[in-house]
Amino acid sequence: MGKILRVDLTNGKISEEFPDEETLKLYLGGSGIATKYMIDEIPKGIDPLGPENKLIFMTGPLTGTPSPSTGRYSVNAKSPLTGVWGEANSAGFWGRDLKRSGFDGIIFEGISPKPVYLVTEDGKAELRDASHLWGKNTSETTRIIKEDLGNKFNIACIGIAGENLVKYAAVMNDCDKPNYGRAAGRCGMGTVMGSKKLKAIAVKGNAKIEVANPEEYKIEAKQRYDWVNQSLLKMTLEVFGTATMVDLVNIKGGLPTNNWQTGVFPAADKINGTAINETILTGRKPCFACPIACGRLAEIKEGKYKSTGEGPEYETLGAFGTMCGVDNLEAITMAHFLCNEYGLDVISAGNTIGFAMECYEKGILTKEDTGGLEFNFGNTDLIVDLVSIISKREGIGDLLAEGTRNMAHKLGKDSIRFAMQVKGLELPAYDSRAAKITGLAYATANRGGCHITAYIEGPAFLAMPFMIVENATVGDSLTENPEDTKVVKDFEDAFGLFDAIGGCKFMGMVLSSEDWASLLSKLLGYEITKEDFAKIGERLYNLARIYNVREGITRADDTLPPRLLEDPLPEGPAKGMTVNLDPLLDAYYDYRGWDKETGKPTKEKLKELGLDWTIKEIY
Ligand code: SF4
């Protein structure tokens, strides 16, 4: 659309700006261009919850066009959970609708004196009072706004977790029914939204997305859509959703159980894809332009959790299930539904509860601290109750709302050893001791402990070929292979591009960089080769690194929780394994062109990537 909205929440001023062509060519869109704004506009060292932080919603050039699975948008800000580069990404339909309302993105700055929400429609925008929405959860917020503005509006909003500044609050979208929604979950972007007293963004419009070569683009997009539609990926994800990973990771001995004390979960068959299909599944839900429909619709038919909603995902089954020692599928599903309602990141929430359970087991947290709650592994009711307790910061929930790293610093007693986070971001449900190379990906991910920055879990756990990077195979998963670090680098660069173009990362399994470069060329009207595509990916990865280096990140922060480095897995196929990270980091820094002592991109590398202007930021 060529147009970005800037909203100063302090004084209510709204303006439009038009990024120049050179900037768009260098950073494409989405999280790429948002990171450029972050470096340009967010001063070093600011309070993430203060007025100087900016909250940037950004679509990519492909968002809302017919290429497969292109409904995505990114949200960027300095993270209140990690204190470094924060980014979250979501799909559904909201990204498409933001664009159709006439804008590629929105930059929020300042803090509103009272709760507000933004409405964008057909190229116009206005702030409205949201006092009546404050204190409401996501589906209720969505319902009330739609009643006021009309059903065709699409809403992104926060629940009360964001209002209460829970450090890992999510931005939710497409919450059209109770317990529904898609989440921009990671890094506390909903927390930043809450700090700005911004409750929601309602978008609607019919703006046409310009395509440089419309006929050629249509034909090519349709062909790629067909390829995805006939792929093995679709067959697996449509049938089982992301839950298909439960057994695949468990048989490798890498399914984090009881806060990562082991990697084998004995009751995996109670919570796997088959169990979901046979008990609670009622339907499958796609995002915009996606033939896959990996989203699950579920119904808990009876009992105290009787309810319907959207979920669970693999990460819910890991975070609220195996990490907490819970094998009750209905309770895990209910916890997911409630995270949708309160607006909580499922991964950080479940992982934090698992950490608290181990603290309780070790006597670091007592029944007195928890207000009488029994934090035993396997406590089914507790995982459900805690979603609300954390979101409201009630009692012990106030401590859990801070995330594992902050909790460990407060609790002391060496609990940081088993706080399962990197750079403050809680880890997803893949134990690196059972697939060593994933440890490097966690350690180097710009937003902290993240599995989809590099998405190396695919080749590492499944030995699956991914099309987005040529020759993307890794060696023996139980050996530290320095040459595998090149694949991590290439994956980080390639998968980061999906956050810039507005595509779903699952497409990296089916379509190659040549496919995406060609689609972009037809859309934008200038040639982008697969080499250009890879170079932009590398530029964007380094750009986020620069933000982090400026915030004080060094090689010492590119590390893993001591448990993964020092405590051998006690059982299963990966028994006896830890991760020896240093040789992997050395080789990775060489491939990256980063200084091995400091972890800074070298000046030569920055010049090569057209990032000369950033040298003064970190040297
Ligand atoms: S693969 Fe799943 S998450 Fe990705 S766009 Fe399709 S339905 Fe959405």
# chains A, B, ... in the order shown; residues from 1 in each chain; ligands from 1
>>> residues_near_ligand(ligand="ligand 1", cutoff="6 Å", atoms="only C-alpha atoms and all ligand atoms", output="PyMOL selection string")
chain A and resi 69+91+286-287+290+292-295+504+506
>>> residues_around(residues="stretch 323-332 of chain A", least_positions_apart="5", cutoff="6 Å", atoms="only C-alpha atoms", output="list in words")
Pro256, Thr257, Asn258, Asn259, Ile271, Gly318, Gly354, Phe377 and Gly378 of chain A
>>> write_last_selection(atoms="N, CA and C atoms", output="JSON list (two decimals), in the first residue's frame")
[["chain", "number", "residue", "atom", "x", "y", "z"],
["A", 256, "PRO", "N", 10.38, -32.35, 26.48],
["A", 256, "PRO", "CA", 10.73, -31.88, 27.83],
["A", 256, "PRO", "C", 9.66, -32.22, 28.86],
["A", 257, "THR", "N", 10.04, -32.97, 29.86],
["A", 257, "THR", "CA", 9.10, -33.50, 30.83],
["A", 257, "THR", "C", 9.50, -33.06, 32.24],
["A", 258, "ASN", "N", 8.48, -32.69, 33.04],
["A", 258, "ASN", "CA", 8.73, -32.23, 34.41],
["A", 258, "ASN", "C", 9.83, -31.17, 34.44],
["A", 259, "ASN", "N", 9.56, -30.08, 33.74],
["A", 259, "ASN", "CA", 10.53, -28.98, 33.61],
["A", 259, "ASN", "C", 11.89, -29.47, 33.13],
["A", 271, "ILE", "N", -1.99, -37.55, 24.76],
["A", 271, "ILE", "CA", -2.07, -36.14, 24.36],
["A", 271, "ILE", "C", -1.62, -35.93, 22.91],
["A", 318, "GLY", "N", 3.23, -29.40, 24.94],
["A", 318, "GLY", "CA", 4.52, -29.42, 25.61],
["A", 318, "GLY", "C", 4.53, -28.56, 26.86],
["A", 354, "GLY", "N", 5.88, -24.91, 34.85],
["A", 354, "GLY", "CA", 6.75, -26.07, 35.06],
["A", 354, "GLY", "C", 7.95, -25.71, 35.93],
["A", 377, "PHE", "N", 4.08, -31.54, 40.18],
["A", 377, "PHE", "CA", 3.99, -31.97, 38.78],
["A", 377, "PHE", "C", 2.76, -32.87, 38.64],
["A", 378, "GLY", "N", 2.04, -32.68, 37.55],
["A", 378, "GLY", "CA", 0.86, -33.50, 37.30],
["A", 378, "GLY", "C", -0.42, -32.93, 37.89]]
>>> residues_around(residues="A:Leu165", least_positions_apart="4", cutoff="9 Å", atoms="only C-alpha atoms", output="list in words")
Leu49, Ile160, Ala161, Ala169, Gly188, Gly190, Thr191, Val192, Met193, Gly194, Ser195, Ser391, Arg393 and Ala401 of chain A
>>> write_last_selection(atoms="N, CA and C atoms", output="mmCIF file, in the first residue's frame")
data_model
loop_
_atom_site.group_PDB
_atom_site.id
_atom_site.type_symbol
_atom_site.label_atom_id
_atom_site.label_comp_id
_atom_site.auth_asym_id
_atom_site.auth_seq_id
_atom_site.Cartn_x
_atom_site.Cartn_y
_atom_site.Cartn_z
ATOM 1 N N LEU A 49 8.500 -0.631 28.944
ATOM 2 C CA LEU A 49 7.114 -0.282 29.271
ATOM 3 C C LEU A 49 6.922 1.234 29.386
ATOM 4 N N ILE A 160 -6.777 -9.357 29.621
ATOM 5 C CA ILE A 160 -6.372 -8.680 30.855
ATOM 6 C C ILE A 160 -4.911 -8.975 31.232
ATOM 7 N N ALA A 161 -4.333 -10.026 30.653
ATOM 8 C CA ALA A 161 -2.898 -10.259 30.919
ATOM 9 C C ALA A 161 -2.074 -9.070 30.435
ATOM 10 N N ALA A 169 2.520 -11.340 27.876
ATOM 11 C CA ALA A 169 1.168 -11.198 27.316
ATOM 12 C C ALA A 169 1.236 -11.157 25.789
ATOM 13 N N GLY A 188 6.174 -10.754 24.821
ATOM 14 C CA GLY A 188 5.431 -9.741 25.568
ATOM 15 C C GLY A 188 4.993 -8.541 24.754
ATOM 16 N N GLY A 190 2.010 -8.048 23.788
ATOM 17 C CA GLY A 190 0.740 -7.641 24.421
ATOM 18 C C GLY A 190 0.982 -6.820 25.677
ATOM 19 N N THR A 191 2.115 -7.058 26.322
ATOM 20 C CA THR A 191 2.483 -6.285 27.515
ATOM 21 C C THR A 191 2.774 -4.836 27.117
ATOM 22 N N VAL A 192 3.526 -4.681 26.041
ATOM 23 C CA VAL A 192 3.830 -3.324 25.564
ATOM 24 C C VAL A 192 2.525 -2.614 25.172
ATOM 25 N N MET A 193 1.641 -3.365 24.535
ATOM 26 C CA MET A 193 0.347 -2.781 24.130
ATOM 27 C C MET A 193 -0.425 -2.315 25.371
ATOM 28 N N GLY A 194 -0.393 -3.151 26.417
ATOM 29 C CA GLY A 194 -1.069 -2.776 27.667
ATOM 30 C C GLY A 194 -0.432 -1.547 28.300
ATOM 31 N N SER A 195 0.890 -1.476 28.242
ATOM 32 C CA SER A 195 1.582 -0.327 28.860
ATOM 33 C C SER A 195 1.206 0.968 28.154
ATOM 34 N N SER A 391 -2.749 -14.105 34.958
ATOM 35 C CA SER A 391 -3.252 -12.957 34.170
ATOM 36 C C SER A 391 -3.727 -11.830 35.075
ATOM 37 N N ARG A 393 -2.509 -11.402 38.082
ATOM 38 C CA ARG A 393 -1.400 -11.185 39.038
ATOM 39 C C ARG A 393 -1.874 -11.360 40.479
ATOM 40 N N ALA A 401 4.027 -14.116 36.796
ATOM 41 C CA ALA A 401 3.806 -13.182 35.679
ATOM 42 C C ALA A 401 5.100 -12.551 35.185
#
>>> select_by_dssp(residues="stretch 279-374 of chain A", states="helix (DSSP H, G or I)", output="count of residues only")
42
>>> select_by_dssp(residues="stretch 140-324 of chain A", states="strand (DSSP E)", output="ChimeraX atom specification")
/A:154-157,171-173,182-184,198-204,281-285,295-300,307-310
>>> closest_residue(among="A:Gly449, A:Lys607, A:Val119, A:Ala443", to="A:Ala556", atoms="only C-alpha atoms")
A:Ala443
>>> closest_residue(among="A:Pro312, A:Gly350, A:Gly60, A:Gly502", to="A:Pro428", atoms="only C-alpha atoms")
A:Gly350
